[in-house]
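Dumped data12.txt below, it's compact mmCIF, C-alpha atoms:
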```
# COMPACT_ATOMS: atom_id res chain seq x y z
CA MET A 142 0.00 0.00 0.00
CA GLU A 143 1.30 3.38 -0.98
CA HIS A 144 0.83 6.08 1.65
CA LYS A 145 1.51 9.75 2.25
CA THR A 146 1.36 11.92 5.35
CA PHE A 147 -0.04 15.44 5.24
CA HIS A 148 0.72 17.79 8.15
CA GLY A 149 -1.58 20.70 8.96
CA ASN A 150 -5.24 21.61 9.27
CA ILE A 151 -6.81 18.68 7.43
CA THR A 152 -9.16 15.89 8.51
CA PRO A 153 -10.19 12.51 7.10
CA ALA A 154 -13.64 14.04 6.39
CA ASP A 155 -12.01 16.68 4.13
CA ILE A 156 -10.38 13.96 2.02
CA SER A 157 -13.56 11.86 1.94
CA LYS A 158 -15.74 14.79 0.82
CA ALA A 159 -13.30 15.70 -1.96
CA LEU A 160 -13.10 12.13 -3.27
CA PHE A 161 -16.88 11.73 -3.09
CA ALA A 162 -17.42 15.02 -4.97
CA HIS A 163 -14.93 14.11 -7.68
CA PHE A 164 -15.68 10.42 -8.29
CA HIS A 165 -19.37 9.85 -7.43
CA ARG A 166 -20.55 10.46 -10.98
CA GLY A 167 -20.65 8.81 -14.39
CA ASN A 168 -19.43 5.22 -14.27
CA TYR A 169 -18.10 5.38 -10.68
CA ARG A 170 -19.76 5.09 -7.30
CA VAL A 171 -18.21 6.00 -3.95
CA GLN A 172 -19.00 4.71 -0.51
CA GLN A 173 -17.57 5.67 2.88
CA ILE A 174 -16.99 3.24 5.72
CA GLY A 175 -16.41 4.71 9.17
CA SER A 176 -16.26 8.29 10.32
CA GLY A 177 -14.27 10.56 12.57
CA GLU A 178 -10.60 9.69 12.82
CA ASN A 179 -10.61 6.58 10.59
CA ILE A 180 -12.38 6.54 7.22
CA ILE A 181 -12.19 4.11 4.32
CA ILE A 182 -13.43 5.30 0.95
CA GLN A 183 -14.16 2.75 -1.78
CA ILE A 184 -14.31 3.92 -5.38
CA ALA A 185 -15.75 1.35 -7.79
CA SER A 186 -17.41 0.98 -11.16
CA ILE A 187 -21.19 1.11 -11.03
CA PHE A 188 -23.03 -2.19 -11.40
CA ASN A 189 -24.14 -2.92 -14.97
CA ALA A 190 -22.05 -0.10 -16.44
CA THR A 191 -22.71 0.37 -20.14
CA THR A 192 -19.02 0.94 -20.93
CA GLY A 193 -15.72 -0.44 -19.70
CA GLY A 194 -14.79 -3.21 -17.31
CA GLN A 195 -15.34 -3.43 -13.55
CA THR A 196 -12.76 -2.00 -11.13
CA SER A 197 -12.48 -0.89 -7.52
CA ILE A 198 -9.91 0.69 -5.23
CA GLY A 199 -9.86 1.57 -1.53
CA VAL A 200 -8.49 4.66 0.20
CA SER A 201 -7.82 4.67 3.95
CA VAL A 202 -7.56 8.03 5.74
CA GLN A 203 -6.44 8.14 9.35
CA LYS A 204 -6.17 11.17 11.64
CA PHE A 205 -2.98 11.62 13.63
CA GLU A 206 -1.46 14.44 15.60
CA ASP A 207 -1.61 17.55 13.38
CA GLY A 208 -2.60 15.88 10.12
CA VAL A 209 -3.71 12.78 8.25
CA MET A 210 -2.11 9.68 6.78
CA VAL A 211 -3.60 8.49 3.48
CA GLN A 212 -3.10 4.99 2.07
CA ILE A 213 -4.31 3.79 -1.30
CA GLY A 214 -4.78 0.04 -1.70
CA LYS A 215 -4.30 -2.12 -4.75
CA GLN A 216 -6.71 -1.67 -7.61
CA SER A 217 -8.91 -4.51 -8.79
CA TRP A 218 -8.27 -4.55 -12.53
CA MET A 219 -9.38 -7.97 -13.78
CA GLY A 220 -12.62 -6.50 -15.15
CA ILE A 221 -10.63 -3.91 -17.10
CA ALA A 222 -8.33 -6.62 -18.50
CA ALA A 223 -11.36 -8.66 -19.58
CA SER A 224 -12.91 -5.63 -21.30
CA LEU A 225 -9.65 -4.80 -23.12
CA GLY A 226 -9.31 -8.46 -24.13
CA LYS A 227 -12.83 -8.43 -25.57
CA THR A 228 -11.96 -5.31 -27.54
CA ALA A 229 -8.78 -6.92 -28.89
CA LEU A 230 -10.61 -10.08 -29.96
CA SER A 231 -13.31 -8.03 -31.66
CA ALA A 232 -10.65 -6.02 -33.51
CA ILE A 233 -8.94 -9.21 -34.72
CA ARG A 234 -12.21 -10.52 -36.12
CA ASN A 235 -13.33 -7.21 -37.57
CA PRO A 236 -11.17 -4.06 -37.29
CA LEU A 237 -14.23 -1.86 -37.87
CA SER A 238 -15.72 -3.20 -34.62
CA LEU A 239 -13.33 -0.85 -32.78
CA LEU A 240 -15.63 2.01 -33.74
CA GLY A 241 -18.39 0.44 -31.64
CA ARG A 242 -16.07 -0.06 -28.64
CA ILE A 243 -14.47 3.39 -28.45
CA ASP A 244 -16.44 4.22 -25.28
CA ASP A 245 -15.31 0.94 -23.66
CA VAL A 246 -11.65 1.62 -24.47
CA ALA A 247 -11.89 5.21 -23.20
CA GLN A 248 -13.49 4.06 -19.91
CA ASP A 249 -10.87 1.31 -19.46
CA ILE A 250 -8.02 3.79 -19.98
CA GLU A 251 -9.62 6.18 -17.46
CA SER A 252 -9.95 3.32 -14.97
CA LEU A 253 -6.29 2.34 -15.39
CA SER A 254 -5.22 5.87 -14.37
CA ILE A 255 -7.59 6.17 -11.39
CA ARG A 256 -4.79 5.89 -8.79
CA ASP A 257 -3.04 8.99 -10.20
CA GLU A 258 -6.35 10.84 -10.30
CA ILE A 259 -7.05 9.94 -6.65
CA TRP A 260 -3.63 11.28 -5.58
CA SER A 261 -4.25 14.43 -7.60
CA VAL A 262 -7.57 15.06 -5.78
CA ILE A 263 -5.95 14.36 -2.38
CA ASN A 264 -2.92 16.58 -3.07
CA GLN A 265 -5.17 19.43 -4.25
CA THR A 266 -7.41 19.08 -1.17
CA ALA A 267 -4.36 19.14 1.13
CA TYR A 268 -3.01 22.22 -0.65
CA ASN A 269 -6.38 23.98 -0.39
CA ARG A 270 -6.52 23.25 3.36
CA GLY A 271 -2.96 24.52 3.89
CA ALA A 272 -1.57 21.05 4.65
CA SER A 273 1.73 19.80 3.25
CA PHE A 274 4.51 17.28 3.76
CA GLU A 275 6.28 19.74 6.08
CA LEU A 276 5.98 19.29 9.85
CA SER A 277 3.56 21.66 11.54
CA ASP A 278 5.04 24.19 13.97
CA ARG A 279 3.51 22.30 16.87
CA LEU A 280 5.45 19.13 15.99
CA LYS A 281 8.73 20.96 15.48
CA ARG A 282 9.72 20.60 19.12
CA TYR A 283 13.28 20.03 20.19
CA VAL A 284 13.78 18.31 23.52
CA CYS A 285 17.40 18.16 24.60
CA ASN A 286 18.73 14.60 24.93
CA TYR A 287 20.91 15.61 27.88
CA CYS A 288 18.62 17.70 30.13
CA ASP A 289 15.09 17.10 28.69
CA THR A 290 14.47 20.82 28.25
CA PRO A 291 12.06 21.82 25.45
CA ASN A 292 13.66 24.28 23.05
CA PRO A 293 12.13 26.74 20.55
CA VAL A 294 12.11 25.89 16.85
CA GLY A 295 15.36 26.78 15.12
CA GLU A 296 17.66 26.66 18.14
CA SER A 297 20.99 25.04 17.32
CA SER A 298 21.91 24.40 20.95
CA CYS A 299 19.92 23.80 24.15
CA ILE A 300 18.86 26.98 25.96
CA ALA A 301 19.43 25.29 29.35
CA CYS A 302 22.65 23.26 29.05
CA GLY A 303 24.11 24.36 25.69
CA ALA A 304 24.22 20.87 24.15
CA PRO A 305 23.94 20.76 20.33
CA LEU A 306 20.42 20.00 19.02
CA GLY A 307 21.28 19.35 15.38
CA SER A 308 20.80 15.59 15.45
CA ILE A 309 17.34 15.68 17.09
CA GLN A 310 15.68 18.24 14.88
CA PRO A 311 12.70 16.55 13.20
CA ARG A 312 12.18 16.67 9.44
CA THR A 313 9.92 15.06 6.88
CA CYS A 314 10.40 13.37 3.53
CA LYS A 315 9.84 15.95 0.80
CA PHE A 316 8.12 13.30 -1.36
CA CYS A 317 5.64 11.64 1.04
CA GLY A 318 5.65 13.56 4.35
CA TYR A 319 6.97 10.65 6.43
CA ILE A 320 8.98 11.75 9.49
CA VAL A 321 12.64 10.83 8.98
CA THR A 322 15.65 11.12 11.26
CA SER A 323 18.74 13.11 10.41
CA THR A 324 20.71 9.87 9.94
CA GLU A 325 18.34 8.46 7.28
CA SER A 326 19.43 9.32 3.75
CA VAL A 327 16.61 7.25 2.19
CA CYS A 328 12.99 7.53 3.30
CA PRO A 329 11.85 4.27 4.93
CA ASN A 330 8.34 4.81 3.49
CA CYS A 331 8.73 5.79 -0.18
CA LYS A 332 12.39 4.70 -0.59
CA LYS A 333 13.38 8.01 -2.22
CA PRO A 334 16.63 9.81 -1.26
CA ASN A 335 16.29 12.62 1.29
CA PHE A 336 19.27 14.90 1.44
CA GLY A 337 19.40 18.18 3.32
```
Could you write out this file's structure as structure tokens?
Amino acid sequence: MEHKTFHGNITPADISKALFAHFHRGNYRVQQIGSGENIIIQIASIFNATTGGQTSIGVSVQKFEDGVMVQIGKQSWMGIAASLGKTALSAIRNPLSLLGRIDDVAQDIESLSIRDEIWSVINQTAYNRGASFELSDRLKRYVCNYCDTPNPVGESSCIACGAPLGSIQPRTCKFCGYIVTSTESVCPNCKKPNFG
């Protein structure tokens, strides 16, 4: 499961409403399971759709301190593969039959790119709510390892004992928002390099 963490003023309900507004139309239906701090949104093809194959995908949104974590599950694509296979067989028998299946092909292609479209809606919602992959000010707390004194954001040394704070300063992955330590050069979540 691919997941991203957004820090800031955003709730699972914000993500759910945005996905419902964007996808609950045409050949897709959306349903929400749960409420409050844990929501699962399922996006699926409508039953008896006139075009394209059947597909579904789940999105889990979980509240955490100062933000949300979003996970997108694996997409069910066997119905899409069957529909594309039917189109290919029809084209082999009669190339002009492709004209009658243009809507099916277009719907199947749209369904194959649904994961990217979901991330686009989520990223735009986070941006509109002022959330990002950066830690919120409230989570940027430095507690000295030597004397347990909380220090203001940006301090390079402890205000009580003078010990350096450089190694304990929290940071996030610029690609997925996961909190990484200063010793990690590769994000443990998305496996992308995080330098600086």
Using all atoms listed in the file, list the residues that have an atom at most 12 Å from (-3.2, 6.8, -5.2), coordinates as in the file, as a PDB file with C-alpha atoms, keeping the file's coordinate frame.
```pdb
ATOM      1  CA  MET A 142       0.000   0.000   0.000  1.00  0.00           C
ATOM      2  CA  GLU A 143       1.300   3.380  -0.980  1.00  0.00           C
ATOM      3  CA  HIS A 144       0.830   6.080   1.650  1.00  0.00           C
ATOM      4  CA  LYS A 145       1.510   9.750   2.250  1.00  0.00           C
ATOM      5  CA  LEU A 160     -13.100  12.130  -3.270  1.00  0.00           C
ATOM      6  CA  ILE A 184     -14.310   3.920  -5.380  1.00  0.00           C
ATOM      7  CA  ILE A 198      -9.910   0.690  -5.230  1.00  0.00           C
ATOM      8  CA  GLY A 199      -9.860   1.570  -1.530  1.00  0.00           C
ATOM      9  CA  VAL A 200      -8.490   4.660   0.200  1.00  0.00           C
ATOM     10  CA  SER A 201      -7.820   4.670   3.950  1.00  0.00           C
ATOM     11  CA  VAL A 202      -7.560   8.030   5.740  1.00  0.00           C
ATOM     12  CA  VAL A 211      -3.600   8.490   3.480  1.00  0.00           C
ATOM     13  CA  GLN A 212      -3.100   4.990   2.070  1.00  0.00           C
ATOM     14  CA  ILE A 213      -4.310   3.790  -1.300  1.00  0.00           C
ATOM     15  CA  GLY A 214      -4.780   0.040  -1.700  1.00  0.00           C
ATOM     16  CA  LYS A 215      -4.300  -2.120  -4.750  1.00  0.00           C
ATOM     17  CA  GLN A 216      -6.710  -1.670  -7.610  1.00  0.00           C
ATOM     18  CA  LEU A 253      -6.290   2.340 -15.390  1.00  0.00           C
ATOM     19  CA  SER A 254      -5.220   5.870 -14.370  1.00  0.00           C
ATOM     20  CA  ILE A 255      -7.590   6.170 -11.390  1.00  0.00           C
ATOM     21  CA  ARG A 256      -4.790   5.890  -8.790  1.00  0.00           C
ATOM     22  CA  ASP A 257      -3.040   8.990 -10.200  1.00  0.00           C
ATOM     23  CA  GLU A 258      -6.350  10.840 -10.300  1.00  0.00           C
ATOM     24  CA  ILE A 259      -7.050   9.940  -6.650  1.00  0.00           C
ATOM     25  CA  TRP A 260      -3.630  11.280  -5.580  1.00  0.00           C
ATOM     26  CA  SER A 261      -4.250  14.430  -7.600  1.00  0.00           C
ATOM     27  CA  VAL A 262      -7.570  15.060  -5.780  1.00  0.00           C
ATOM     28  CA  ILE A 263      -5.950  14.360  -2.380  1.00  0.00           C
ATOM     29  CA  ASN A 264      -2.920  16.580  -3.070  1.00  0.00           C
ATOM     30  CA  CYS A 317       5.640  11.640   1.040  1.00  0.00           C
TER      31      CYS A 317
END
```
What's the 9 Å shell around Glu178 of chain A, counting all atoms listed in the file, without same-chain residues fewer than 4 positions away, as a list of chain:residue names?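 Result of the neighbour search: A:Thr152, A:Pro153, A:Ala154, A:Val202, A:Gln203, A:Lys204, A:Phe205, A:Val209.
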In Å, how far is it from atom CA of Gly167 of chain A to atom CA of Ile181 of chain A? 21.1 Å
How far is it from atom CA of Ser323 of chain A to atom CA of Cys288 of chain A, in Å with one decimal?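 Here the two named atoms are 20.2 Å from each other.
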Would you compute the box with edges along x, y and z of the file around segment 160-163 of chain A, including every atom the file lists for it and 6 Å extra on each side, and give its centre and edge lengths in Å to one decimal, as JSON?
```
{"center_x": -15.3, "center_y": 13.4, "center_z": -5.4, "size_x": 16.3, "size_y": 15.3, "size_z": 16.6}
```
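Take atom CA of Phe164 of chain A and atom CA of Cys331 of chain A: the distance between them is 26.1 Å.
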Given all atoms listed in the file as the basis, pick out the residue of A:Ser157, A:Thr313, A:Gln172, A:Asn179 nearest to Pro329 of chain A.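 Smallest distance to Pro329 of chain A is found for A:Thr313.
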